[in-house]
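Peer 1: I'd like to ask some things about the structure below.
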Amino acid sequence: MRDVLLRIDAATPATRDRGIDALRALAISGVVLGHWLVTALVVDSGTVRAASPLHFMPALAPVSWALQTLAVFFFVGGYVAARGHASARAARIPYARWLRARLDRLFRPVTAVLAVWAVVLGVLLASGAGYVTVRALGKLALSPLWFLLVFAVLTAATPLAARLHPLWPLAVAGCVDLWRLRFDGPAALGWVNVAVGWLVPYALGARGARRGLPGRRTAYVLLGGGAAATAGLVLAAGYPAAMVGVPGAAVSNLDPPTLAAVTFGLAQCGAALLLLGPLRRALRRPAAWAAVALLNLSAMTVFLWHQTAMMAVSALGLLAGGALPGLHTLPDGGGWVAARLLWLPLFAAVLLVCRAAFHPYERGRTRQARYLGWGK
């Protein structure tokens with residue numbers, strides 16, 4: 001094992017920013033763990049529907065502050081894409097060829113998800129499952145795809161994002177919210193923030209790749225200013241405290257993204273910048289770096305299949321023992337939270353099975369072997 005760890009460490013180019021890779025790994029881990037903790041599949045009279053413990057226990061909102069890490073993922077994505085585009089330009093690689101390669105890596109694993117779930121949903125409908133059940137399961141399984149579409153659009157806009165000051169899309173997001181929520185503008189206007197809201201951290205990362213990442217002073221400003229703005233919006237302007245969607249809530253901070261979600265994301269980006277130094281030092285250890293490298297190699301597979309892993313455990317539990325606490329019961333108390341924590345290792349084990357089965361769709365085996373130093 002030690003030889004493998006040393007081989008992975010030695011195969012990593014000296015120019016690779018391990019701290020940035022660690023931020024991506026933390027962001028993916030936060031999204032996965034967050035979904036597993038705030039999403040419940042409630043079985044009631046043969047029907048399966050989605051519910052959230054945040055609806056019944058709003059005091060748990062701080063959990064969403066720690067685990068809603070999409071802004072960090074967009075920040076890292078902008079930084080990496082902008083660096084890649086700059087390298088492609090230096091090598092005289094056309095923009096279209098660079099973009100095609102980026103999008104191919106992004107969407108290649110989607111094929112397997114769509115194929116498997118087309119079969120699953122078809123079987124459920126043919127077996128007489130109700131529309132509510134089929135819709136709830138299909139929505140959970142395929143909901144990660146919205147992220148890929150937004151990420152693809154921002155990736156295509158990388159050359160512009162690298163030159164865009166993040167305050168511009170931040171101002172647009174604020175105007176959209178003001179018109180929509182304060183002056184009763186059309187609800188559909190909020191969907192502008194799906195692109196504009198996530199453009200803020202993406203542009204921050206892309207600009208950092210072009211001009212250098214912000215220093216500690218700017219990081220503290222982002223962290224403090226973003227946190228203060230978010231607190232003000234929640235306490236004085238009536239924005240939800242939870243930074244994830246809550247079924248039944250009148251306003252969601254993510255569906256579509258609100259100004260509060262954007263300012264919260266800036267605070268997260270500030271915290272991420274402050275973590276870069278310690279992460280880079282920690283990842284000098286081969287074992288720590290190997291864990292981060294392996295997760296990054298299968299980041300999209302993990303992201304696309306983590307909801308399926310949770311639903312697979314729920315289905316198996318239902319077949320084996322009926323409605324089980326923390327798995328099929330209403331998430332309305334501390335007992336559900338305690339029980340759900342006990343299910344997390346099993347969710348992770350099934351996700352590892354999904355990763356083993358579907359990771360080849362994300363990256364070719366030869367490419368993976370080269371990255372890890374297992375091939376020429």
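Every chain in the structure tokens has a letter given in the order shown (A, B, ...), and although residue numbers restart at 1 in each chain, ligands are simply numbered from 1 in the order shown.
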Residues near segment 245-256 of chain A, anyone? I mean within 7 Å using only C-alpha atoms, not counting same-chain ones fewer than 2 positions away, as a PyMOL selection string.
Peer 2: chain A and resi 51-52+54-55+190-191+193-194+240+243+258+260-261
Peer 1: Using the chain letters and numbers from this document, which residues of segment 104-225 of chain A does DSSP assign to alpha helix (DSSP H), as a ChimeraX atom specification?
Peer 2: /A:104-107,110-126,131-142,144-156,158-161,167-177,192-211,216-225
Peer 1: Have a look at A:Leu33, A:Leu341, A:Leu181, A:Val262 and name the one nearest to Ala195 of chain A; count only C-alpha atoms.
Peer 2: A:Val262
Peer 1: Could you pull the residues within 12 Å of Val337 of chain A, counting only C-alpha atoms, minus those fewer than 6 positions along the same chain, as an MDAnalysis selection string?
Peer 2: chainID A and resid 36:40 52:54 56:57 60 63 325:327 329:331 343:344
Peer 1: Take the residues just selected and output them with C-alpha atoms as a CSV table (one decimal), in the first residue's frame.
Peer 2:
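Produced file result.csv, reproduced below:
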chain,number,residue,atom,x,y,z
A,36,TRP,CA,-28.0,12.3,2.5
A,37,LEU,CA,-28.9,14.2,5.7
A,38,VAL,CA,-31.6,16.6,4.5
A,39,THR,CA,-33.4,14.3,2.1
A,40,ALA,CA,-35.9,11.7,3.3
A,52,SER,CA,-36.9,17.3,4.5
A,53,PRO,CA,-36.0,17.3,8.2
A,54,LEU,CA,-35.5,21.1,7.8
A,56,PHE,CA,-40.0,19.8,10.6
A,57,MET,CA,-36.9,20.9,12.5
A,60,LEU,CA,-31.2,22.3,12.0
A,63,VAL,CA,-26.3,22.0,9.0
A,325,PRO,CA,-36.6,4.5,11.2
A,326,GLY,CA,-34.3,7.1,9.6
A,327,LEU,CA,-34.9,5.5,6.2
A,329,THR,CA,-40.2,7.4,8.4
A,330,LEU,CA,-41.2,11.0,8.7
A,331,PRO,CA,-38.1,13.2,9.5
A,343,TRP,CA,-27.5,4.6,7.8
A,344,LEU,CA,-24.7,6.8,6.3
Peer 1: Rank A:Trp305, A:Tyr361, A:Trp289, A:Trp179 by their smallest atom-to-atom distance to Phe347 of chain A, using only C-alpha atoms, and report the top residue only.
Peer 2: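 Comparing A:Trp305, A:Tyr361, A:Trp289, A:Trp179 against Phe347 of chain A, the winner is A:Trp305.
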Peer 1: From the options A:Leu275, A:Leu154, A:Leu106, A:Ala162, which residue's atoms come nearest to Arg207 of chain A, counting only C-alpha atoms?
Peer 2: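 Of the candidates, the smallest distance to Arg207 of chain A is held by A:Ala162.
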Peer 1: Can you work out the spacing between atom CA of His306 of chain A and atom CA of Leu148 of chain A in Å, to one decimal?
Peer 2: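 Interatomic distance, atom CA of His306 of chain A to atom CA of Leu148 of chain A: 14.9 Å.
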Peer 1: For a quick check of understanding, using only C-alpha atoms, which of A:Gly197, A:Pro345, A:Gly333, A:Pro109 has the smallest distance to Pro166 of chain A?
Peer 2: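 Closest to Pro166 of chain A of all the choices is A:Gly197.
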Peer 1: Could you jot down the atom CA of Leu294 of chain A to atom CA of Ser314 of chain A separation for me, Å, one decimal place?
Peer 2: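 Answer for the atom CA of Leu294 of chain A to atom CA of Ser314 of chain A separation: 27.0 Å.
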Peer 1: For atom CA of Ala299 of chain A and atom CA of Leu283 of chain A, determine how far apart the two atoms are, in Å to one decimal place.
Peer 2: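 Going from atom CA of Ala299 of chain A over to atom CA of Leu283 of chain A, I get 18.0 Å.
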Peer 1: Give me the residues near Ala272 of chain A as a list in words, where near means some atom within 9 Å (using only C-alpha atoms) and where sequence neighbours in that chain fewer than 6 positions away do not count.
Peer 2: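 The filter keeps Leu23, Val72 and Ala219 of chain A.
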Peer 1: Would you save the residues of that selection, restricted to N, CA and C atoms, as an mmCIF file, in the first residue's frame?
Peer 2:
data_model
loop_
_atom_site.group_PDB
_atom_site.id
_atom_site.type_symbol
_atom_site.label_atom_id
_atom_site.label_comp_id
_atom_site.auth_asym_id
_atom_site.auth_seq_id
_atom_site.Cartn_x
_atom_site.Cartn_y
_atom_site.Cartn_z
ATOM 1 N N LEU A 23 -10.061 21.320 -2.292
ATOM 2 C CA LEU A 23 -11.304 22.100 -2.192
ATOM 3 C C LEU A 23 -12.410 21.454 -3.014
ATOM 4 N N VAL A 72 -18.280 26.683 -3.646
ATOM 5 C CA VAL A 72 -16.868 26.303 -3.673
ATOM 6 C C VAL A 72 -16.568 25.494 -4.929
ATOM 7 N N ALA A 219 -9.578 37.467 1.283
ATOM 8 C CA ALA A 219 -10.312 36.289 1.746
ATOM 9 C C ALA A 219 -11.121 36.607 3.000
#
Peer 1: Restricting the calculation to only C-alpha atoms, which member of A:Ala339, A:Val302, A:Leu318, A:Val234 is positioned closest to Leu351 of chain A?
Peer 2: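 Looking at the shortest contact to Leu351 of chain A, the residue is A:Val302.
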Peer 1: Just the residues within 12 Å of Phe107 of chain A, please, counting only C-alpha atoms, with nothing from its chain fewer than 3 positions along; format it as a list in words.
Peer 2: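 My list of contacting residues is Arg100, Ala101, Arg102, Leu103, Asp104, Val110, Thr111, Ala112, Val113, Leu114, Pro144, Leu145, Trp146, Phe147, Leu148, Leu149, Phe151, Ala152, Met300, Thr301, Leu304, Tyr361, Glu362 and Arg363 of chain A.
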Peer 1: So that each row is one residue of segment 84-157 of chain A with an atom at most 12 Å from segment 307-312 of chain A, can you give its shortest atom pair and the distance in Å to one decimal, using only C-alpha atoms, rows by chain and rising number, as JSON lines?
Peer 2:
{"residue": "A:Val113", "atom": "CA", "partner": "A:Thr308", "partner_atom": "CA", "distance": 9.2}
{"residue": "A:Leu114", "atom": "CA", "partner": "A:Thr308", "partner_atom": "CA", "distance": 11.7}
{"residue": "A:Val116", "atom": "CA", "partner": "A:Thr308", "partner_atom": "CA", "distance": 10.2}
{"residue": "A:Trp117", "atom": "CA", "partner": "A:Thr308", "partner_atom": "CA", "distance": 9.2}
{"residue": "A:Val120", "atom": "CA", "partner": "A:Thr308", "partner_atom": "CA", "distance": 10.9}
{"residue": "A:Thr133", "atom": "CA", "partner": "A:Met311", "partner_atom": "CA", "distance": 12.0}
{"residue": "A:Ala136", "atom": "CA", "partner": "A:Met311", "partner_atom": "CA", "distance": 10.7}
{"residue": "A:Leu137", "atom": "CA", "partner": "A:Met311", "partner_atom": "CA", "distance": 7.8}
{"residue": "A:Gly138", "atom": "CA", "partner": "A:Thr308", "partner_atom": "CA", "distance": 9.7}
{"residue": "A:Lys139", "atom": "CA", "partner": "A:Gln307", "partner_atom": "CA", "distance": 10.0}
{"residue": "A:Leu140", "atom": "CA", "partner": "A:Gln307", "partner_atom": "CA", "distance": 6.4}
{"residue": "A:Ala141", "atom": "CA", "partner": "A:Gln307", "partner_atom": "CA", "distance": 5.7}
{"residue": "A:Leu142", "atom": "CA", "partner": "A:Gln307", "partner_atom": "CA", "distance": 8.7}
{"residue": "A:Ser143", "atom": "CA", "partner": "A:Gln307", "partner_atom": "CA", "distance": 9.0}
{"residue": "A:Pro144", "atom": "CA", "partner": "A:Gln307", "partner_atom": "CA", "distance": 8.8}
{"residue": "A:Leu145", "atom": "CA", "partner": "A:Gln307", "partner_atom": "CA", "distance": 11.9}
Peer 1: For those residues, write N, CA and C atoms to a file as an mmCIF file, in the first residue's frame.
Peer 2:
data_model
loop_
_atom_site.group_PDB
_atom_site.id
_atom_site.type_symbol
_atom_site.label_atom_id
_atom_site.label_comp_id
_atom_site.auth_asym_id
_atom_site.auth_seq_id
_atom_site.Cartn_x
_atom_site.Cartn_y
_atom_site.Cartn_z
ATOM 1 N N VAL A 113 -26.246 7.208 -16.270
ATOM 2 C CA VAL A 113 -27.319 7.575 -15.346
ATOM 3 C C VAL A 113 -28.668 7.589 -16.060
ATOM 4 N N LEU A 114 -28.717 8.217 -17.225
ATOM 5 C CA LEU A 114 -29.973 8.301 -17.964
ATOM 6 C C LEU A 114 -30.454 6.920 -18.396
ATOM 7 N N VAL A 116 -29.775 3.898 -17.028
ATOM 8 C CA VAL A 116 -30.214 3.083 -15.890
ATOM 9 C C VAL A 116 -31.554 3.564 -15.368
ATOM 10 N N TRP A 117 -31.702 4.881 -15.225
ATOM 11 C CA TRP A 117 -32.946 5.394 -14.652
ATOM 12 C C TRP A 117 -34.110 5.356 -15.630
ATOM 13 N N VAL A 120 -35.263 1.902 -14.848
ATOM 14 C CA VAL A 120 -35.871 1.822 -13.520
ATOM 15 C C VAL A 120 -37.264 2.451 -13.514
ATOM 16 N N THR A 133 -44.926 8.473 -6.618
ATOM 17 C CA THR A 133 -43.705 7.721 -6.298
ATOM 18 C C THR A 133 -42.682 7.833 -7.416
ATOM 19 N N ALA A 136 -41.184 11.345 -7.537
ATOM 20 C CA ALA A 136 -40.274 11.631 -6.429
ATOM 21 C C ALA A 136 -38.921 10.969 -6.643
ATOM 22 N N LEU A 137 -38.924 9.697 -7.062
ATOM 23 C CA LEU A 137 -37.664 8.983 -7.263
ATOM 24 C C LEU A 137 -36.903 9.527 -8.471
ATOM 25 N N GLY A 138 -37.631 9.771 -9.567
ATOM 26 C CA GLY A 138 -36.970 10.290 -10.760
ATOM 27 C C GLY A 138 -36.377 11.668 -10.538
ATOM 28 N N LYS A 139 -37.096 12.508 -9.804
ATOM 29 C CA LYS A 139 -36.597 13.856 -9.541
ATOM 30 C C LYS A 139 -35.323 13.819 -8.706
ATOM 31 N N LEU A 140 -35.288 12.957 -7.688
ATOM 32 C CA LEU A 140 -34.081 12.852 -6.862
ATOM 33 C C LEU A 140 -32.904 12.321 -7.667
ATOM 34 N N ALA A 141 -33.163 11.316 -8.501
ATOM 35 C CA ALA A 141 -32.071 10.697 -9.249
ATOM 36 C C ALA A 141 -31.490 11.626 -10.298
ATOM 37 N N LEU A 142 -32.348 12.401 -10.950
ATOM 38 C CA LEU A 142 -31.909 13.208 -12.082
ATOM 39 C C LEU A 142 -31.670 14.672 -11.733
ATOM 40 N N SER A 143 -31.969 15.069 -10.488
ATOM 41 C CA SER A 143 -31.782 16.472 -10.099
ATOM 42 C C SER A 143 -30.345 16.966 -10.244
ATOM 43 N N PRO A 144 -29.318 16.102 -10.089
ATOM 44 C CA PRO A 144 -27.952 16.622 -10.292
ATOM 45 C C PRO A 144 -27.689 17.142 -11.698
ATOM 46 N N LEU A 145 -28.544 16.785 -12.653
ATOM 47 C CA LEU A 145 -28.277 17.189 -14.032
ATOM 48 C C LEU A 145 -28.404 18.692 -14.237
#
